[in-house]
Amino acid sequence: LFRSETLSPAVMQKVAGEVNLSETAFLEPMGEWEYRIRWFTPAVEVDLCGHATLGAARALQEWGKLKVGEEVLLHTLKSGDLRVKCTDGGLEMNFPVEAPEPVDPIPGLPEALRLDPGQITGYYKNRMDIFVETAAEVVESVAPDFLKLGAIQTRGIVVTAKSTGEGKLAGVDFISRFFGPSAGIDEDPVTGSAHCGLAPFWSSRLGRPELVAFQLSTRGGRVVTRLEGDRVVLAGQGLVVIEGMFAVPDAA
């Protein structure tokens, strides 16, 4: 949380590099329940990020600036206005739908994912990412060559499949993993913005507007998605694990 005269984009990028997590969110107050939000990986600024937005809203809760029943408006540079509502069950983020469209097979992608081309049943793209459809066991076991994957020009590669619904995936409709080495993220733990594409993709196949997703990273994360016209509502919960102050020298 900062004032506009405090941090330039170059300083935000340096701070994100020091934090060294998948994304760092920066909030600039614009008015009551209204903020400007920007997101940076350790390497680049990104157009849209879900879990960092969830974390930012959870921080606002912790600071007493967002209570149950209240909603904040977040202005972005390239993804329009976003809204986050605080409910009894957690936080609901209202994001734009970013439906992926079918594309031809992408040269070098199976090799970069260390998959046989026959294991990939479809290739898709939206304005941010490449989506690869495969089987559930492939999503869980895929171990990319990150050097080769980073050479592919895209923010990230999403590997996704219909859930088996068994074991830890009971009650889950679809699964995914997100790899973004070209953006400085080998594997993202949970990627809300990818679900802006995954939600319409799987809703059209499964015939339901509301689905339960699970991202199969090492840490893992559950996301509830709900389509509402040209918007997708992503519901989840956040947990504050560390709080402090970041000192930025004047010469930064």
# chains A, B, ... in the order shown; residues from 1 in each chain; ligands from 1

call {"tool": "residues_around", "arguments": {"residues": "Ser203 of chain A", "least_positions_apart": "6", "cutoff": "9 Å", "atoms": "only C-alpha atoms", "output": "PyMOL selection string"}}
result
chain A and resi 209-211+226-227

call {"tool": "write_last_selection", "arguments": {"atoms": "all heavy atoms", "output": "JSON list (two decimals), in the first residue's frame"}}
result
[["chain", "number", "residue", "atom", "x", "y", "z"],
["A", 209, "PRO", "N", -22.18, -23.38, -15.15],
["A", 209, "PRO", "CA", -21.50, -22.09, -14.98],
["A", 209, "PRO", "C", -20.60, -22.03, -13.76],
["A", 209, "PRO", "O", -19.67, -21.23, -13.71],
["A", 209, "PRO", "CB", -22.66, -21.10, -14.85],
["A", 209, "PRO", "CG", -23.78, -21.90, -14.29],
["A", 209, "PRO", "CD", -23.63, -23.28, -14.88],
["A", 210, "GLU", "N", -20.87, -22.86, -12.75],
["A", 210, "GLU", "CA", -20.07, -22.84, -11.52],
["A", 210, "GLU", "C", -19.29, -24.15, -11.38],
["A", 210, "GLU", "O", -19.88, -25.24, -11.45],
["A", 210, "GLU", "CB", -20.94, -22.62, -10.29],
["A", 210, "GLU", "CG", -20.13, -22.48, -9.01],
["A", 210, "GLU", "CD", -20.93, -21.90, -7.85],
["A", 210, "GLU", "OE1", -21.92, -21.18, -8.10],
["A", 210, "GLU", "OE2", -20.55, -22.16, -6.69],
["A", 211, "LEU", "N", -17.98, -24.04, -11.21],
["A", 211, "LEU", "CA", -17.12, -25.21, -11.15],
["A", 211, "LEU", "C", -16.11, -25.07, -10.01],
["A", 211, "LEU", "O", -15.83, -23.96, -9.55],
["A", 211, "LEU", "CB", -16.36, -25.38, -12.47],
["A", 211, "LEU", "CG", -17.20, -25.57, -13.74],
["A", 211, "LEU", "CD1", -16.31, -25.51, -14.97],
["A", 211, "LEU", "CD2", -17.98, -26.88, -13.70],
["A", 226, "ARG", "N", -17.20, -19.03, -11.24],
["A", 226, "ARG", "CA", -18.61, -18.87, -11.62],
["A", 226, "ARG", "C", -18.71, -17.87, -12.75],
["A", 226, "ARG", "O", -18.29, -16.71, -12.61],
["A", 226, "ARG", "CB", -19.43, -18.38, -10.41],
["A", 226, "ARG", "CG", -20.93, -18.27, -10.70],
["A", 226, "ARG", "CD", -21.73, -17.95, -9.45],
["A", 226, "ARG", "NE", -21.55, -16.57, -8.99],
["A", 226, "ARG", "CZ", -20.90, -16.22, -7.89],
["A", 226, "ARG", "NH1", -20.33, -17.14, -7.12],
["A", 226, "ARG", "NH2", -20.80, -14.95, -7.54],
["A", 227, "LEU", "N", -19.24, -18.30, -13.89],
["A", 227, "LEU", "CA", -19.41, -17.42, -15.04],
["A", 227, "LEU", "C", -20.65, -16.55, -14.86],
["A", 227, "LEU", "O", -21.72, -17.06, -14.51],
["A", 227, "LEU", "CB", -19.54, -18.22, -16.32],
["A", 227, "LEU", "CG", -18.28, -18.89, -16.88],
["A", 227, "LEU", "CD1", -18.60, -19.58, -18.19],
["A", 227, "LEU", "CD2", -17.15, -17.90, -17.06]]

call {"tool": "select_by_dssp", "arguments": {"residues": "segment 174-249 of chain A", "states": "strand (DSSP E or B)", "output": "PyMOL selection string"}}
result
chain A and resi 174-180+185-188+210-215+221-228+231-236

call {"tool": "atom_distance", "arguments": {"atom1": "atom CA of Val46 of chain A", "atom2": "atom CA of Ile185 of chain A"}}
result
11.7 Å

call {"tool": "closest_residue", "arguments": {"among": "A:Val72, A:Val233, A:Ile106, A:Cys196", "to": "Tyr123 of chain A", "atoms": "only C-alpha atoms"}}
result
A:Ile106

call {"tool": "select_by_dssp", "arguments": {"residues": "segment 56-128 of chain A", "states": "helix (DSSP H, G or I)", "output": "JSON, numbers by chain"}}
result
{"A": [56, 57, 58, 59, 60, 61, 62, 109, 110, 111, 112, 113, 117, 118, 119]}

call {"tool": "write_last_selection", "arguments": {"atoms": "C-alpha atoms", "output": "PDB file, in the first residue's frame"}}
result
ATOM      1  CA  ALA A  56      -4.093  -7.616  -1.505  1.00  0.00           C
ATOM      2  CA  ALA A  57      -7.782  -7.784  -0.577  1.00  0.00           C
ATOM      3  CA  ARG A  58      -6.980 -10.008   2.389  1.00  0.00           C
ATOM      4  CA  ALA A  59      -4.444  -7.392   3.538  1.00  0.00           C
ATOM      5  CA  LEU A  60      -7.150  -4.718   3.291  1.00  0.00           C
ATOM      6  CA  GLN A  61      -9.296  -6.921   5.523  1.00  0.00           C
ATOM      7  CA  GLU A  62      -6.471  -7.192   8.033  1.00  0.00           C
ATOM      8  CA  LEU A 109       5.979 -26.983 -26.967  1.00  0.00           C
ATOM      9  CA  PRO A 110       5.620 -30.768 -26.465  1.00  0.00           C
ATOM     10  CA  GLU A 111       9.415 -31.086 -26.261  1.00  0.00           C
ATOM     11  CA  ALA A 112       9.623 -28.182 -23.792  1.00  0.00           C
ATOM     12  CA  LEU A 113       6.978 -29.864 -21.636  1.00  0.00           C
ATOM     13  CA  PRO A 117       2.750 -34.847 -28.988  1.00  0.00           C
ATOM     14  CA  GLY A 118       0.098 -37.550 -28.750  1.00  0.00           C
ATOM     15  CA  GLN A 119      -0.421 -36.724 -25.062  1.00  0.00           C
TER      16      GLN A 119
END
